[in-house]
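Trainee: One file: upload36.cif (mmCIF, C-alpha atoms and all ligand atoms).
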data_data
#
loop_
_atom_site.label_atom_id
_atom_site.label_comp_id
_atom_site.auth_asym_id
_atom_site.auth_seq_id
_atom_site.Cartn_x
_atom_site.Cartn_y
_atom_site.Cartn_z
CA MET A 1 4.19 -18.05 -6.59
CA ALA A 2 6.37 -16.79 -3.76
CA LYS A 3 4.67 -15.06 -0.83
CA GLN A 4 6.83 -13.03 1.49
CA ASN A 5 5.87 -12.51 5.12
CA ILE A 6 8.54 -10.05 6.20
CA TYR A 7 6.32 -8.30 8.77
CA ASP A 8 6.53 -11.40 10.95
CA ASN A 9 10.31 -11.03 11.13
CA GLU A 10 10.98 -9.76 14.70
CA THR A 11 13.57 -7.12 13.69
CA PHE A 12 11.51 -5.87 10.76
CA PHE A 13 8.31 -5.79 12.83
CA SER A 14 9.78 -3.75 15.67
CA GLY A 15 11.50 -1.34 13.26
CA TYR A 16 8.31 -0.85 11.27
CA MET A 17 6.09 -0.37 14.34
CA GLU A 18 8.50 2.17 15.78
CA LEU A 19 8.44 4.10 12.49
CA ARG A 20 4.62 4.08 12.39
CA LYS A 21 4.41 5.32 16.00
CA ARG A 22 6.36 8.48 15.10
CA GLU A 23 4.06 11.43 14.63
CA VAL A 24 6.01 12.64 11.60
CA ASN A 25 6.38 9.97 8.94
CA ALA A 26 5.51 9.68 5.25
CA ASN A 27 2.36 7.69 6.05
CA ASN A 28 0.91 10.40 8.28
CA LEU A 29 2.02 13.31 6.10
CA PHE A 30 1.25 11.99 2.62
CA GLU A 31 -0.16 8.49 2.40
CA ILE A 32 -3.10 8.57 4.79
CA PRO A 33 -4.36 12.08 3.81
CA THR A 34 -4.34 11.08 0.13
CA LEU A 35 -6.12 7.82 0.88
CA TYR A 36 -8.86 9.71 2.72
CA LYS A 37 -9.11 12.29 -0.03
CA LEU A 38 -9.87 9.51 -2.52
CA LEU A 39 -12.08 7.41 -0.27
CA PRO A 40 -15.68 7.08 -1.49
CA ASP A 41 -18.60 7.52 0.89
CA LEU A 42 -18.50 4.36 2.99
CA THR A 43 -21.96 4.67 4.51
CA GLY A 44 -23.57 1.22 4.54
CA LYS A 45 -20.73 -0.22 2.45
CA ARG A 46 -19.08 -3.64 2.72
CA VAL A 47 -15.35 -3.00 2.78
CA LEU A 48 -12.42 -5.35 2.18
CA ASP A 49 -8.97 -4.13 3.30
CA LEU A 50 -6.15 -6.08 1.61
CA GLY A 51 -3.08 -6.06 3.87
CA CYS A 52 -4.83 -4.29 6.75
CA GLY A 53 -1.77 -4.46 9.02
CA SER A 54 -2.54 -3.31 12.55
CA GLY A 55 -6.10 -2.35 11.66
CA GLU A 56 -6.21 1.43 12.32
CA ARG A 57 -7.73 2.07 8.92
CA CYS A 58 -10.35 -0.66 9.41
CA VAL A 59 -11.56 1.17 12.53
CA ASP A 60 -11.66 4.44 10.58
CA TYR A 61 -13.74 2.80 7.84
CA MET A 62 -16.27 1.67 10.48
CA LYS A 63 -16.33 5.20 11.94
CA ARG A 64 -17.04 6.49 8.44
CA GLY A 65 -20.21 4.42 8.37
CA ALA A 66 -19.16 1.14 6.76
CA LEU A 67 -21.62 -1.70 7.29
CA LYS A 68 -18.75 -4.11 7.88
CA VAL A 69 -15.04 -4.37 7.23
CA THR A 70 -13.00 -7.47 6.47
CA GLY A 71 -9.28 -6.95 7.01
CA ILE A 72 -6.89 -9.57 5.72
CA ASP A 73 -3.14 -9.78 6.25
CA ILE A 74 -0.39 -12.35 5.82
CA SER A 75 1.30 -11.31 9.08
CA GLU A 76 0.09 -12.82 12.34
CA LYS A 77 2.09 -10.23 14.30
CA MET A 78 0.29 -7.35 12.58
CA LEU A 79 -3.05 -9.07 13.12
CA GLU A 80 -2.28 -9.58 16.83
CA VAL A 81 -2.01 -5.79 17.14
CA ALA A 82 -5.17 -5.33 15.06
CA ARG A 83 -7.18 -7.75 17.20
CA SER A 84 -5.96 -6.32 20.52
CA GLU A 85 -5.89 -2.59 19.70
CA ASN A 86 -8.36 -2.16 16.87
CA ALA A 87 -11.18 -4.60 17.50
CA ASP A 88 -14.75 -3.68 16.55
CA PRO A 89 -17.87 -5.84 16.27
CA GLY A 90 -18.15 -4.82 12.61
CA ILE A 91 -14.59 -5.87 11.73
CA THR A 92 -13.39 -9.37 10.88
CA TYR A 93 -9.63 -9.90 10.74
CA LEU A 94 -8.38 -12.87 8.75
CA ASN A 95 -4.89 -14.26 8.38
CA MET A 96 -4.85 -14.62 4.61
CA PRO A 97 -2.42 -13.67 1.87
CA VAL A 98 -3.79 -11.29 -0.76
CA GLU A 99 -2.87 -13.98 -3.30
CA ASP A 100 -5.57 -16.25 -1.79
CA ILE A 101 -8.60 -13.96 -1.99
CA ASP A 102 -10.04 -16.23 -4.68
CA SER A 103 -11.16 -18.36 -1.70
CA ILE A 104 -13.47 -15.55 -0.48
CA ASP A 105 -17.08 -16.13 -1.43
CA GLU A 106 -18.60 -12.78 -0.55
CA GLU A 107 -19.37 -9.49 -2.28
CA PHE A 108 -17.84 -6.10 -1.35
CA ASP A 109 -18.64 -2.55 -2.39
CA VAL A 110 -15.20 -1.10 -1.73
CA VAL A 111 -11.82 -2.85 -1.78
CA ILE A 112 -8.95 -0.82 -0.31
CA SER A 113 -5.29 -1.69 -0.10
CA SER A 114 -2.74 0.61 1.44
CA LEU A 115 0.95 0.03 0.58
CA VAL A 116 0.73 -3.72 0.05
CA LEU A 117 0.52 -4.62 -3.62
CA HIS A 118 4.21 -4.02 -4.40
CA TYR A 119 4.81 -7.08 -2.20
CA VAL A 120 2.65 -9.25 -4.44
CA GLU A 121 4.12 -11.12 -7.40
CA ASP A 122 0.86 -11.93 -9.18
CA PHE A 123 -0.67 -8.45 -9.46
CA GLN A 124 -2.85 -9.51 -12.40
CA GLY A 125 -4.33 -12.40 -10.39
CA VAL A 126 -5.17 -10.09 -7.48
CA VAL A 127 -6.74 -7.48 -9.76
CA LYS A 128 -8.94 -10.10 -11.46
CA ASN A 129 -10.06 -11.43 -8.08
CA VAL A 130 -10.81 -7.94 -6.74
CA TYR A 131 -12.94 -7.29 -9.83
CA ARG A 132 -14.85 -10.52 -9.19
CA LEU A 133 -15.39 -9.70 -5.49
CA LEU A 134 -16.71 -6.19 -6.15
CA SER A 135 -20.37 -5.35 -6.61
CA GLU A 136 -21.42 -3.48 -9.78
CA GLY A 137 -20.30 0.13 -9.36
CA GLY A 138 -17.81 -0.94 -6.69
CA ILE A 139 -14.52 0.87 -6.06
CA PHE A 140 -10.97 -0.43 -5.86
CA LEU A 141 -8.67 2.11 -4.19
CA PHE A 142 -5.04 1.30 -3.53
CA SER A 143 -1.67 2.83 -2.87
CA GLN A 144 1.65 1.18 -3.58
CA GLU A 145 5.27 2.18 -3.54
CA HIS A 146 5.70 4.27 -6.66
CA PRO A 147 7.20 2.38 -9.65
CA ILE A 148 10.00 4.93 -9.73
CA ASN A 149 11.03 3.47 -6.35
CA THR A 150 10.30 -0.22 -6.88
CA CYS A 151 12.80 -0.32 -9.76
CA TYR A 152 15.54 0.42 -7.24
CA SER A 153 17.53 -2.76 -6.65
CA GLY A 154 20.11 -1.50 -4.17
CA ASN A 155 22.89 -1.95 -6.74
CA PHE A 156 23.62 1.77 -7.08
CA ASP A 157 23.43 4.97 -5.02
CA ARG A 158 19.84 6.03 -4.66
CA TRP A 159 20.74 9.73 -4.78
CA THR A 160 23.29 12.04 -6.33
CA ARG A 161 24.15 14.62 -3.67
CA ASP A 162 25.89 17.98 -3.73
CA GLU A 163 28.99 18.73 -1.66
CA ASN A 164 26.78 19.44 1.38
CA GLY A 165 25.05 16.07 1.13
CA ARG A 166 21.85 17.57 -0.22
CA LYS A 167 19.94 15.29 -2.59
CA ILE A 168 20.00 16.84 -6.05
CA TYR A 169 19.03 13.93 -8.33
CA ALA A 170 17.20 10.67 -7.80
CA ASN A 171 19.03 7.96 -9.72
CA VAL A 172 16.82 5.65 -11.74
CA ALA A 173 17.92 2.45 -13.44
CA ASP A 174 16.16 -0.60 -14.87
CA TYR A 175 12.75 1.06 -14.85
CA CYS A 176 11.72 -0.97 -17.89
CA ILE A 177 12.82 -4.29 -16.41
CA GLU A 178 9.93 -5.77 -14.46
CA GLN A 179 11.38 -8.00 -11.78
CA LYS A 180 11.62 -8.70 -8.08
CA ASN A 181 14.00 -6.22 -6.47
CA ASP A 182 15.38 -6.89 -3.00
CA HIS A 183 16.48 -4.03 -0.82
CA THR A 184 17.35 -3.35 2.79
CA TRP A 185 14.67 -1.85 5.01
CA PHE A 186 15.20 -2.73 8.70
CA VAL A 187 16.55 -6.11 7.45
CA GLU A 188 18.25 -7.27 4.27
CA GLY A 189 16.34 -8.95 1.48
CA VAL A 190 12.97 -7.18 1.58
CA SER A 191 11.39 -8.07 -1.77
CA ARG A 192 9.28 -5.74 -3.85
CA TYR A 193 7.88 -6.49 -7.27
CA HIS A 194 8.61 -3.77 -9.77
CA ARG A 195 5.96 -3.10 -12.40
CA MET A 196 5.97 -0.18 -14.77
CA PHE A 197 3.25 2.41 -14.33
CA SER A 198 1.79 1.34 -17.71
CA THR A 199 1.58 -2.28 -16.51
CA VAL A 200 -0.29 -1.27 -13.36
CA ILE A 201 -2.82 0.75 -15.32
CA ASN A 202 -3.20 -1.69 -18.24
CA THR A 203 -3.69 -4.62 -15.86
CA LEU A 204 -6.59 -2.76 -14.27
CA THR A 205 -8.26 -1.75 -17.53
CA ASP A 206 -7.70 -5.23 -19.05
CA ALA A 207 -9.57 -6.68 -16.06
CA GLY A 208 -12.51 -4.34 -16.78
CA PHE A 209 -11.78 -1.48 -14.39
CA ARG A 210 -12.31 2.17 -15.25
CA ILE A 211 -9.56 4.45 -13.94
CA MET A 212 -11.14 7.24 -11.89
CA ARG A 213 -8.17 9.00 -10.36
CA ILE A 214 -4.38 8.76 -10.03
CA GLU A 215 -2.44 10.57 -7.31
CA GLU A 216 1.30 10.91 -6.66
CA PRO A 217 1.43 12.72 -3.30
CA HIS A 218 4.14 15.28 -2.73
CA PRO A 219 4.61 18.14 -0.27
CA ASP A 220 3.74 21.78 -0.79
CA GLU A 221 6.11 24.64 0.09
CA GLU A 222 4.38 25.12 3.45
CA LEU A 223 5.00 21.54 4.49
CA VAL A 224 8.61 21.60 3.35
CA LYS A 225 9.21 24.73 5.44
CA LYS A 226 8.06 22.72 8.47
CA TYR A 227 9.76 19.43 7.52
CA PRO A 228 12.68 20.30 5.18
CA ASP A 229 13.80 16.66 4.90
CA TYR A 230 10.78 15.95 2.74
CA ASP A 231 11.94 18.25 -0.07
CA ASP A 232 13.38 15.14 -1.81
CA LEU A 233 9.78 14.31 -2.73
CA PHE A 234 9.92 17.12 -5.29
CA HIS A 235 12.36 14.89 -7.23
CA LYS A 236 10.20 11.78 -7.13
CA PRO A 237 7.08 10.68 -5.29
CA ASP A 238 7.18 7.82 -2.79
CA PHE A 239 3.67 6.57 -3.44
CA LEU A 240 1.26 5.92 -6.29
CA PHE A 241 -2.51 5.93 -5.71
CA VAL A 242 -5.06 4.48 -8.09
CA LYS A 243 -8.82 4.70 -7.72
CA ALA A 244 -10.65 2.43 -10.13
CA GLY A 245 -14.31 1.62 -10.62
CA LYS A 246 -16.12 -1.56 -11.71
C1 LIG A 301 3.20 -1.15 4.79
S1 LIG A 301 2.17 -2.25 5.70
C2 LIG A 301 0.62 -1.44 5.52
C3 LIG A 301 -0.40 -1.84 6.55
C4 LIG A 301 -1.73 -1.10 6.45
N1 LIG A 301 -2.36 -1.30 5.15
C5 LIG A 301 -1.53 0.37 6.71
O1 LIG A 301 -1.57 1.16 5.77
O2 LIG A 301 -1.31 0.73 7.88
C6 LIG A 301 2.03 -3.62 4.61
C7 LIG A 301 1.14 -4.73 5.13
O3 LIG A 301 0.94 -5.66 4.06
C8 LIG A 301 1.00 -6.96 4.57
N2 LIG A 301 1.33 -7.87 3.46
C9 LIG A 301 2.48 -7.92 2.75
N3 LIG A 301 2.41 -8.87 1.80
C10 LIG A 301 1.18 -9.42 1.93
C11 LIG A 301 0.50 -10.45 1.24
N4 LIG A 301 1.07 -11.10 0.23
N5 LIG A 301 -0.76 -10.77 1.62
C12 LIG A 301 -1.36 -10.10 2.66
N6 LIG A 301 -0.75 -9.13 3.35
C13 LIG A 301 0.49 -8.79 2.98
C14 LIG A 301 2.06 -6.89 5.63
O4 LIG A 301 2.00 -7.97 6.52
C15 LIG A 301 1.74 -5.54 6.27
O5 LIG A 301 0.81 -5.65 7.31
#
Take the structure from the file and write it as structure tokens.
Mentor:
Amino acid sequence: MAKQNIYDNETFFSGYMELRKREVNANNLFEIPTLYKLLPDLTGKRVLDLGCGSGERCVDYMKRGALKVTGIDISEKMLEVARSENADPGITYLNMPVEDIDSIDEEFDVVISSLVLHYVEDFQGVVKNVYRLLSEGGIFLFSQEHPINTCYSGNFDRWTRDENGRKIYANVADYCIEQKNDHTWFVEGVSRYHRMFSTVINTLTDAGFRIMRIEEPHPDEELVKKYPDYDDLFHKPDFLFVKAGK
């Protein structure tokens, strides 16, 4: 199956890193706080981070008491940053696609994946492998782009706006067609695999997981007062979080 390594594209990489360096971005405001809210106690735990990127979270997991963290990523550029800026004796960074974790012969207590799995075609294969790699009672916690976003193919206007340009409706099409959708984000042709919410959940339960918590982060009135641009998240969430137990 196809594996995309868009983070090694020079233009994409610099655009993405610049976005992540901004203090105010959706990751800092919504994604990371929700991830930490759902994180189990990591004390003494063996953690696997699927698509660890530049490794900031891996360092945080060590600070939260993890015994060791293995961070894997398909992008050598992201791993270069991880190894130079976020090294730690307890962390091992591996250049490995998530699709190849069947080659790992090790047990983990917690598998975490932050905004990666919408890039993966064979979600079912990954879920089965995560289940196999987890110890009994282990936790699989991941975020992905919300299915209401991954169905967007770029073939229509994302938003209906009023005469002042304010977003009043999010336009949704093809939600029930599960397919690869390419869109433009820093560069053209960034592929995401759209799966319905039901498919995500049923794939997990079919593999043996128990769903523990679902989150769809969105701002509160206080946050929107401070950052009014984020009021479009009242129409639709950007991210979906699932916490599942073995
Ligand atoms: C949005 S970034 C998130 C990085 C990190 N998890 C974080 O939250 O800061 C997505 C990461 O997933 C990686 N990625 C995308 N497809 C992948 C795949 N098939 N296997 C492994 N890593 C992948 C990218 O290289 C990139 O580092």
Trainee: Which of these, A:Thr43, A:Asn129, A:Ser113, A:Asn149, has the shortest distance to A:Lys243 once you count only C-alpha atoms?
Mentor: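 So, comparing all the options, the nearest one is A:Ser113.
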Trainee: With distances taken over all atoms listed in the file, which residue among A:Thr92, A:Asn181, A:Gln144, A:Ser84 lies nearest ligand LIG 301 (chain A)?
Mentor: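 When distances to ligand LIG 301 (chain A) are compared using all atoms listed in the file, the smallest one comes from A:Gln144.
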Trainee: Give the residue list for ligand LIG 301 (chain A) at 9 Å, counting only C-alpha atoms and all ligand atoms, as a PDB file with C-alpha atoms, in the frame of the given file, sorted by chain and then by residue number.
Mentor:
ATOM      1  CA  ALA A   2       6.370 -16.790  -3.760  1.00  0.00           C
ATOM      2  CA  LYS A   3       4.670 -15.060  -0.830  1.00  0.00           C
ATOM      3  CA  GLN A   4       6.830 -13.030   1.490  1.00  0.00           C
ATOM      4  CA  ASN A   5       5.870 -12.510   5.120  1.00  0.00           C
ATOM      5  CA  ILE A   6       8.540 -10.050   6.200  1.00  0.00           C
ATOM      6  CA  TYR A   7       6.320  -8.300   8.770  1.00  0.00           C
ATOM      7  CA  ASP A   8       6.530 -11.400  10.950  1.00  0.00           C
ATOM      8  CA  TYR A  16       8.310  -0.850  11.270  1.00  0.00           C
ATOM      9  CA  ARG A  20       4.620   4.080  12.390  1.00  0.00           C
ATOM     10  CA  ASN A  27       2.360   7.690   6.050  1.00  0.00           C
ATOM     11  CA  GLU A  31      -0.160   8.490   2.400  1.00  0.00           C
ATOM     12  CA  ILE A  32      -3.100   8.570   4.790  1.00  0.00           C
ATOM     13  CA  ASP A  49      -8.970  -4.130   3.300  1.00  0.00           C
ATOM     14  CA  LEU A  50      -6.150  -6.080   1.610  1.00  0.00           C
ATOM     15  CA  GLY A  51      -3.080  -6.060   3.870  1.00  0.00           C
ATOM     16  CA  CYS A  52      -4.830  -4.290   6.750  1.00  0.00           C
ATOM     17  CA  GLY A  53      -1.770  -4.460   9.020  1.00  0.00           C
ATOM     18  CA  SER A  54      -2.540  -3.310  12.550  1.00  0.00           C
ATOM     19  CA  GLY A  55      -6.100  -2.350  11.660  1.00  0.00           C
ATOM     20  CA  GLU A  56      -6.210   1.430  12.320  1.00  0.00           C
ATOM     21  CA  ARG A  57      -7.730   2.070   8.920  1.00  0.00           C
ATOM     22  CA  ILE A  72      -6.890  -9.570   5.720  1.00  0.00           C
ATOM     23  CA  ASP A  73      -3.140  -9.780   6.250  1.00  0.00           C
ATOM     24  CA  ILE A  74      -0.390 -12.350   5.820  1.00  0.00           C
ATOM     25  CA  SER A  75       1.300 -11.310   9.080  1.00  0.00           C
ATOM     26  CA  GLU A  76       0.090 -12.820  12.340  1.00  0.00           C
ATOM     27  CA  LYS A  77       2.090 -10.230  14.300  1.00  0.00           C
ATOM     28  CA  MET A  78       0.290  -7.350  12.580  1.00  0.00           C
ATOM     29  CA  LEU A  79      -3.050  -9.070  13.120  1.00  0.00           C
ATOM     30  CA  ASN A  95      -4.890 -14.260   8.380  1.00  0.00           C
ATOM     31  CA  MET A  96      -4.850 -14.620   4.610  1.00  0.00           C
ATOM     32  CA  PRO A  97      -2.420 -13.670   1.870  1.00  0.00           C
ATOM     33  CA  VAL A  98      -3.790 -11.290  -0.760  1.00  0.00           C
ATOM     34  CA  GLU A  99      -2.870 -13.980  -3.300  1.00  0.00           C
ATOM     35  CA  ASP A 100      -5.570 -16.250  -1.790  1.00  0.00           C
ATOM     36  CA  ILE A 112      -8.950  -0.820  -0.310  1.00  0.00           C
ATOM     37  CA  SER A 113      -5.290  -1.690  -0.100  1.00  0.00           C
ATOM     38  CA  SER A 114      -2.740   0.610   1.440  1.00  0.00           C
ATOM     39  CA  LEU A 115       0.950   0.030   0.580  1.00  0.00           C
ATOM     40  CA  VAL A 116       0.730  -3.720   0.050  1.00  0.00           C
ATOM     41  CA  LEU A 117       0.520  -4.620  -3.620  1.00  0.00           C
ATOM     42  CA  HIS A 118       4.210  -4.020  -4.400  1.00  0.00           C
ATOM     43  CA  TYR A 119       4.810  -7.080  -2.200  1.00  0.00           C
ATOM     44  CA  VAL A 120       2.650  -9.250  -4.440  1.00  0.00           C
ATOM     45  CA  GLU A 121       4.120 -11.120  -7.400  1.00  0.00           C
ATOM     46  CA  SER A 143      -1.670   2.830  -2.870  1.00  0.00           C
ATOM     47  CA  GLN A 144       1.650   1.180  -3.580  1.00  0.00           C
TER      48      GLN A 144
END
Trainee: Which residue gives the smallest distance to A:Thr199 among A:Gly154, A:Gly137, A:Pro147, A:Pro217, with all atoms listed in the file counted?
Mentor: A:Pro147
Trainee: What lies within 12 Å of stretch 169-177 of chain A using all atoms listed in the file, ignoring chain neighbours under 5 positions off, as number ranges by chain?
Mentor: A: 146-162, 193-199, 231-238
Trainee: Just how far from atom CA of A:Phe239 is atom CA of A:Asn86, in Å to one decimal?
Mentor: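 Result for atom CA of A:Asn86 versus atom CA of A:Phe239: 25.2 Å, one decimal.
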Trainee: Given all atoms listed in the file as the basis, pick out the residue of A:Glu80, A:Glu136, A:Glu18, A:Asp88 nearest to A:Gly245.
Mentor: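 For A:Gly245, the nearest of the candidates is A:Glu136.
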Trainee: Give me, please, the distance in Å between atom CA of A:Gly125 and atom CA of A:Asp102, quoted to one decimal.
Mentor: 8.9 Å
Trainee: Using all atoms listed in the file for the distances, tell me which of A:Ala82, A:Leu223, A:Leu67, A:Leu134 is nearest to A:Asp41.
Mentor: A:Leu67
Trainee: So which residues touch A:Gly15 within 9 Å, counting all atoms listed in the file, skipping near sequence neighbours fewer than 5 positions away, as a PyMOL selection string?
Mentor: chain A and resi 10+20+185-186
Trainee: Could you state the separation of atom CA of A:Val47 and atom CA of A:Ser135 in Å, given to one decimal place?
Mentor: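 For atom CA of A:Val47 relative to atom CA of A:Ser135, the distance reads 10.9 Å.
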Trainee: Kindly indicate which residue among A:His218, A:Arg132, A:Arg64, A:Lys226 lies nearest to A:Leu39, using all atoms listed in the file for the distances.
Mentor: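 Smallest distance to A:Leu39 is found for A:Arg64.
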Trainee: For stretch 39-56 of chain A, what centre and edge lengths in Å (one decimal) does the axis-aligned box get once 4 Å is added on each side of all its listed atoms, as AutoDock Vina command-line options?
Mentor:
--center_x -12.7 --center_y 0.7 --center_z 5.5 --size_x 29.8 --size_y 21.6 --size_z 22.0
Trainee: Within 12 Å of A:Tyr227, counting all atoms listed in the file, which residues show up once you throw out same-chain ones fewer than 6 positions away? Write them as a PDB file with C-alpha atoms, in the coordinates of the input, please.
Mentor:
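Output contents, as saved in selection_11.pdb:
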ATOM      1  CA  VAL A  24       6.010  12.640  11.600  1.00  0.00           C
ATOM      2  CA  ASN A  25       6.380   9.970   8.940  1.00  0.00           C
ATOM      3  CA  ALA A  26       5.510   9.680   5.250  1.00  0.00           C
ATOM      4  CA  LEU A  29       2.020  13.310   6.100  1.00  0.00           C
ATOM      5  CA  PRO A 219       4.610  18.140  -0.270  1.00  0.00           C
ATOM      6  CA  ASP A 220       3.740  21.780  -0.790  1.00  0.00           C
ATOM      7  CA  GLU A 221       6.110  24.640   0.090  1.00  0.00           C
ATOM      8  CA  LEU A 233       9.780  14.310  -2.730  1.00  0.00           C
TER       9      LEU A 233
END
Trainee: Some atoms are missing, so please complete stretch 152-176 of chain A with N, CA and C atoms and return it as a PDB file, in the frame of the given file.
Mentor:
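File part36.pdb, as written:
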ATOM      1  N   TYR A 152      14.244   0.321  -7.931  1.00  0.00           N
ATOM      2  CA  TYR A 152      15.540   0.420  -7.240  1.00  0.00           C
ATOM      3  C   TYR A 152      15.935  -0.942  -6.658  1.00  0.00           C
ATOM      4  N   SER A 153      17.112  -1.413  -7.053  1.00  0.00           N
ATOM      5  CA  SER A 153      17.530  -2.760  -6.650  1.00  0.00           C
ATOM      6  C   SER A 153      18.615  -2.751  -5.585  1.00  0.00           C
ATOM      7  N   GLY A 154      19.051  -1.564  -5.176  1.00  0.00           N
ATOM      8  CA  GLY A 154      20.110  -1.500  -4.170  1.00  0.00           C
ATOM      9  C   GLY A 154      21.502  -1.648  -4.773  1.00  0.00           C
ATOM     10  N   ASN A 155      21.581  -1.741  -6.099  1.00  0.00           N
ATOM     11  CA  ASN A 155      22.890  -1.950  -6.740  1.00  0.00           C
ATOM     12  C   ASN A 155      23.601  -0.638  -7.086  1.00  0.00           C
ATOM     13  N   PHE A 156      22.998   0.479  -6.760  1.00  0.00           N
ATOM     14  CA  PHE A 156      23.620   1.770  -7.080  1.00  0.00           C
ATOM     15  C   PHE A 156      23.167   2.788  -6.037  1.00  0.00           C
ATOM     16  N   ASP A 157      23.833   3.945  -5.993  1.00  0.00           N
ATOM     17  CA  ASP A 157      23.430   4.970  -5.020  1.00  0.00           C
ATOM     18  C   ASP A 157      22.058   5.512  -5.397  1.00  0.00           C
ATOM     19  N   ARG A 158      21.221   5.595  -4.411  1.00  0.00           N
ATOM     20  CA  ARG A 158      19.840   6.030  -4.660  1.00  0.00           C
ATOM     21  C   ARG A 158      19.805   7.498  -5.100  1.00  0.00           C
ATOM     22  N   TRP A 159      20.759   8.278  -4.545  1.00  0.00           N
ATOM     23  CA  TRP A 159      20.740   9.730  -4.780  1.00  0.00           C
ATOM     24  C   TRP A 159      22.099  10.227  -5.239  1.00  0.00           C
ATOM     25  N   THR A 160      22.096  11.233  -6.087  1.00  0.00           N
ATOM     26  CA  THR A 160      23.290  12.040  -6.330  1.00  0.00           C
ATOM     27  C   THR A 160      23.157  13.254  -5.414  1.00  0.00           C
ATOM     28  N   ARG A 161      24.205  13.529  -4.656  1.00  0.00           N
ATOM     29  CA  ARG A 161      24.150  14.620  -3.670  1.00  0.00           C
ATOM     30  C   ARG A 161      25.163  15.704  -4.009  1.00  0.00           C
ATOM     31  N   ASP A 162      24.895  16.915  -3.540  1.00  0.00           N
ATOM     32  CA  ASP A 162      25.890  17.980  -3.730  1.00  0.00           C
ATOM     33  C   ASP A 162      26.938  17.887  -2.618  1.00  0.00           C
ATOM     34  N   GLU A 163      27.875  18.828  -2.604  1.00  0.00           N
ATOM     35  CA  GLU A 163      28.990  18.730  -1.660  1.00  0.00           C
ATOM     36  C   GLU A 163      28.534  18.847  -0.201  1.00  0.00           C
ATOM     37  N   ASN A 164      27.299  19.357   0.006  1.00  0.00           N
ATOM     38  CA  ASN A 164      26.780  19.440   1.380  1.00  0.00           C
ATOM     39  C   ASN A 164      25.900  18.235   1.748  1.00  0.00           C
ATOM     40  N   GLY A 165      25.842  17.280   0.853  1.00  0.00           N
ATOM     41  CA  GLY A 165      25.050  16.070   1.130  1.00  0.00           C
ATOM     42  C   GLY A 165      23.590  16.207   0.753  1.00  0.00           C
ATOM     43  N   ARG A 166      23.244  17.347   0.131  1.00  0.00           N
ATOM     44  CA  ARG A 166      21.850  17.570  -0.220  1.00  0.00           C
ATOM     45  C   ARG A 166      21.502  16.768  -1.486  1.00  0.00           C
ATOM     46  N   LYS A 167      20.341  16.116  -1.453  1.00  0.00           N
ATOM     47  CA  LYS A 167      19.940  15.290  -2.590  1.00  0.00           C
ATOM     48  C   LYS A 167      19.596  16.181  -3.780  1.00  0.00           C
ATOM     49  N   ILE A 168      20.299  15.990  -4.886  1.00  0.00           N
ATOM     50  CA  ILE A 168      20.000  16.840  -6.050  1.00  0.00           C
ATOM     51  C   ILE A 168      19.377  16.065  -7.215  1.00  0.00           C
ATOM     52  N   TYR A 169      19.686  14.761  -7.319  1.00  0.00           N
ATOM     53  CA  TYR A 169      19.030  13.930  -8.330  1.00  0.00           C
ATOM     54  C   TYR A 169      18.671  12.574  -7.726  1.00  0.00           C
ATOM     55  N   ALA A 170      17.514  12.065  -8.106  1.00  0.00           N
ATOM     56  CA  ALA A 170      17.200  10.670  -7.800  1.00  0.00           C
ATOM     57  C   ALA A 170      17.738   9.841  -8.961  1.00  0.00           C
ATOM     58  N   ASN A 171      18.469   8.803  -8.649  1.00  0.00           N
ATOM     59  CA  ASN A 171      19.030   7.960  -9.720  1.00  0.00           C
ATOM     60  C   ASN A 171      18.049   6.837 -10.044  1.00  0.00           C
ATOM     61  N   VAL A 172      17.765   6.697 -11.306  1.00  0.00           N
ATOM     62  CA  VAL A 172      16.820   5.650 -11.740  1.00  0.00           C
ATOM     63  C   VAL A 172      17.536   4.723 -12.695  1.00  0.00           C
ATOM     64  N   ALA A 173      17.358   3.421 -12.493  1.00  0.00           N
ATOM     65  CA  ALA A 173      17.920   2.450 -13.440  1.00  0.00           C
ATOM     66  C   ALA A 173      16.927   1.289 -13.545  1.00  0.00           C
ATOM     67  N   ASP A 174      16.949   0.620 -14.656  1.00  0.00           N
ATOM     68  CA  ASP A 174      16.160  -0.600 -14.870  1.00  0.00           C
ATOM     69  C   ASP A 174      14.656  -0.389 -14.727  1.00  0.00           C
ATOM     70  N   TYR A 175      14.190   0.825 -14.984  1.00  0.00           N
ATOM     71  CA  TYR A 175      12.750   1.060 -14.850  1.00  0.00           C
ATOM     72  C   TYR A 175      11.947   0.121 -15.746  1.00  0.00           C
ATOM     73  N   CYS A 176      12.486  -0.160 -16.926  1.00  0.00           N
ATOM     74  CA  CYS A 176      11.720  -0.970 -17.890  1.00  0.00           C
ATOM     75  C   CYS A 176      11.964  -2.465 -17.734  1.00  0.00           C
TER      76      CYS A 176
END
